[in-house]
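**Student:** Sharing a structure with you now.
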Amino acid sequence: MARPRTFVEEEVLQRAVKLFWEKGFHATSMQDLVERLQINRASLYATFGDKRQLFERTMQYYQTVSHQRLQQHLWAYEQPQLAFRELLYQTAAQTCQDPKRKGCFFVNVTTELAARDESLLTFLSKNRLQTEQIFLDYLRERQAQGYLATATDLPALASLLFTFYNGLQVTTKLRPELAKIQAMIDVFVRQLA
C-alpha cells in the first residue's frame, strides 16, 4: 500500500523556486532539493520527476504567480505613470534589500541557461510575450480612458517597459543604490505622461 503524501505541492514548488533562484540550476543538487524541500528522494521523483522536470515546474509556477501579481498591481492604479513607477520602485527595493541580491528568477535563468537550451529559450520568449501582453492590455485600457496620448505606440511601449523592467533587475544587482535607481526610474516613467 502506498504511503499518503505528507506535503503540499504548492509549498514544495515555492521552496524549489527559492532554492533554484538562490543557487541556479547547475549548482543545485538533488541532495539540496531533498533537504530544502523536506521530502524524501523517492517522493520527489514520484511527484515531480527528475531535477530538470522539477525545475520546469518551478518556472511554470513562478510564471503563473508573477503574472497574477503583475496584473493585480497594474489594475490597482488608474494612472499608468504611477502604476509603473510603483512597480519599478518595489522591484528595485526588493533587490536592494535582499542580502543575496538574487534579482529576477527568470533573468537569472536567461543568463545561466537560455543560450544553451532551446526549450528554455522558447519558454522564456513566450513569457516575455505574455508579460508584454499584460502591459499592453493595461496600457490600451488606460489609453481608452484618456490617460495616455492616442498617438502612443502601445506595443512598442509595452516592449520597452518589459526591457526596462528586466534590465532594472540586473542593474540593481550590480549597484544597489536605491536613491539613484529611483531617480533613474522617475526619468523613465515620465515617458508615460
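Residue numbering restarts at 1 for every chain of the C-alpha cells, chains are lettered A, B, ... in their displayed order, and ligands are numbered from 1 as they appear.
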Using only C-alpha atoms, I'd like a table of the residues in segment 67-168 of chain A that come within 10 Å of segment 22-31 of chain A; for each, show the closest atom pair and its distance in Å rounded to one decimal, ordered by chain and ascending number, as a Markdown table.
**Tutor:**
| residue | atom | partner | partner_atom | distance |
| --- | --- | --- | --- | --- |
| A:Lys100 | CA | A:Glu22 | CA | 7.6 |
| A:Arg101 | CA | A:Glu22 | CA | 9.0 |
| A:Lys102 | CA | A:Glu22 | CA | 6.3 |
| A:Gly103 | CA | A:Glu22 | CA | 9.5 |
| A:Phe105 | CA | A:Glu22 | CA | 8.6 |
| A:Asn108 | CA | A:Gly24 | CA | 7.5 |
| A:Val109 | CA | A:Gly24 | CA | 7.3 |
| A:Glu112 | CA | A:Gly24 | CA | 7.5 |
| A:Leu113 | CA | A:Phe25 | CA | 8.3 |
**Student:** Generate a file of the selected residues that holds N, CA, C and O atoms, formatted as an mmCIF file, in the first residue's frame.
**Tutor:**
data_model
loop_
_atom_site.group_PDB
_atom_site.id
_atom_site.type_symbol
_atom_site.label_atom_id
_atom_site.label_comp_id
_atom_site.auth_asym_id
_atom_site.auth_seq_id
_atom_site.Cartn_x
_atom_site.Cartn_y
_atom_site.Cartn_z
ATOM 1 N N LYS A 100 21.214 38.679 -0.597
ATOM 2 C CA LYS A 100 21.789 37.806 -1.628
ATOM 3 C C LYS A 100 21.700 38.424 -3.021
ATOM 4 O O LYS A 100 22.259 37.890 -3.971
ATOM 5 N N ARG A 101 20.984 39.527 -3.139
ATOM 6 C CA ARG A 101 20.792 40.239 -4.413
ATOM 7 C C ARG A 101 20.496 39.280 -5.554
ATOM 8 O O ARG A 101 21.168 39.273 -6.579
ATOM 9 N N LYS A 102 19.452 38.484 -5.374
ATOM 10 C CA LYS A 102 19.100 37.466 -6.363
ATOM 11 C C LYS A 102 18.566 38.052 -7.662
ATOM 12 O O LYS A 102 18.658 37.434 -8.698
ATOM 13 N N GLY A 103 17.961 39.228 -7.595
ATOM 14 C CA GLY A 103 17.374 39.798 -8.798
ATOM 15 C C GLY A 103 16.113 39.051 -9.191
ATOM 16 O O GLY A 103 15.339 38.625 -8.353
ATOM 17 N N PHE A 105 14.226 35.834 -10.939
ATOM 18 C CA PHE A 105 14.429 34.412 -11.218
ATOM 19 C C PHE A 105 14.580 34.172 -12.718
ATOM 20 O O PHE A 105 15.513 33.506 -13.166
ATOM 21 N N ASN A 108 17.773 35.505 -14.210
ATOM 22 C CA ASN A 108 18.885 34.621 -13.853
ATOM 23 C C ASN A 108 18.888 33.361 -14.720
ATOM 24 O O ASN A 108 19.945 32.912 -15.181
ATOM 25 N N VAL A 109 17.712 32.787 -14.937
ATOM 26 C CA VAL A 109 17.613 31.596 -15.789
ATOM 27 C C VAL A 109 18.049 31.939 -17.212
ATOM 28 O O VAL A 109 18.762 31.168 -17.862
ATOM 29 N N GLU A 112 21.821 32.179 -17.245
ATOM 30 C CA GLU A 112 22.507 30.912 -16.955
ATOM 31 C C GLU A 112 22.290 29.873 -18.051
ATOM 32 O O GLU A 112 23.220 29.144 -18.408
ATOM 33 N N LEU A 113 21.086 29.786 -18.594
ATOM 34 C CA LEU A 113 20.739 28.612 -19.394
ATOM 35 C C LEU A 113 20.217 28.866 -20.807
ATOM 36 O O LEU A 113 20.335 27.990 -21.663
#
**Student:** Residues within 10 Å of segment 138-141 of chain A, please, as a VMD selection string. Count only C-alpha atoms; anything in the same chain fewer than 3 positions from it doesn't count.
**Tutor:** chain A and resid 71 74 to 75 77 to 80 83 132 to 135 144 to 148 150 152 154 to 155 157 to 158 192
**Student:** Which residue out of A:Arg41, A:Lys51, A:Lys173, A:His73 has the minimum interatomic distance to Pro99 of chain A when only C-alpha atoms are used?
**Tutor:** A:Lys173
**Student:** From a backbone DSSP assignment, name each residue in segment 8-187 of chain A labelled alpha helix (DSSP H), as a ChimeraX atom specification.
**Tutor:** /A:9-23,30-37,41-48,51-75,80-97,105-113,118-144,154-174,178-187
**Student:** Which residue gives the smallest distance to Tyr61 of chain A among A:Arg85, A:Arg36, A:Arg15, A:Arg142, with only C-alpha atoms counted?
**Tutor:**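 Looking at the shortest contact to Tyr61 of chain A, the residue is A:Arg15.
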**Student:** Quick one: residues within 12 Å of Gln90 of chain A, only C-alpha atoms counted, chain neighbours fewer than 6 positions away excluded, as a PyMOL selection string?
**Tutor:** chain A and resi 70+73+82-84+96-97+165+168-169+172+178+181-182+185
**Student:** Got a sec: who's within 12 Å of Ser125 of chain A, counting only C-alpha atoms, leaving out chain neighbours fewer than 2 positions off, as a VMD selection string?
**Tutor:** chain A and resid 106 to 107 109 to 110 114 to 115 118 to 123 127 to 132 162
**Student:** From the options A:Asp117, A:Leu161, A:Val65, A:Glu86, which residue's atoms come nearest to Arg52 of chain A, counting only C-alpha atoms?
**Tutor:**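 Ranking A:Asp117, A:Leu161, A:Val65, A:Glu86 by distance to Arg52 of chain A, first place goes to A:Asp117.
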**Student:** In Å, with one decimal, what is the gap from atom CA of Asn166 of chain A to atom CA of Glu11 of chain A?
**Tutor:**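 Straight-line distance from atom CA of Asn166 of chain A to atom CA of Glu11 of chain A works out to 26.2 Å.
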**Student:** State, in Å with one decimal place, the distance from atom CA of Leu124 of chain A to atom CA of Lys180 of chain A.
**Tutor:**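 Separating atom CA of Leu124 of chain A from atom CA of Lys180 of chain A is a distance of 29.3 Å.
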**Student:** Enter the distance from atom CA of Leu136 of chain A to atom CA of Glu56 of chain A, in Å, rounded to one decimal.
**Tutor:**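 Atom-to-atom, atom CA of Leu136 of chain A and atom CA of Glu56 of chain A are spaced 26.5 Å apart.
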**Student:** Given only C-alpha atoms as the basis, pick out the residue of A:Thr58, A:Gln68, A:Gln143, A:Ser43 nearest to Leu19 of chain A.
**Tutor:**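 For Leu19 of chain A, the nearest of the given residues is A:Thr58.
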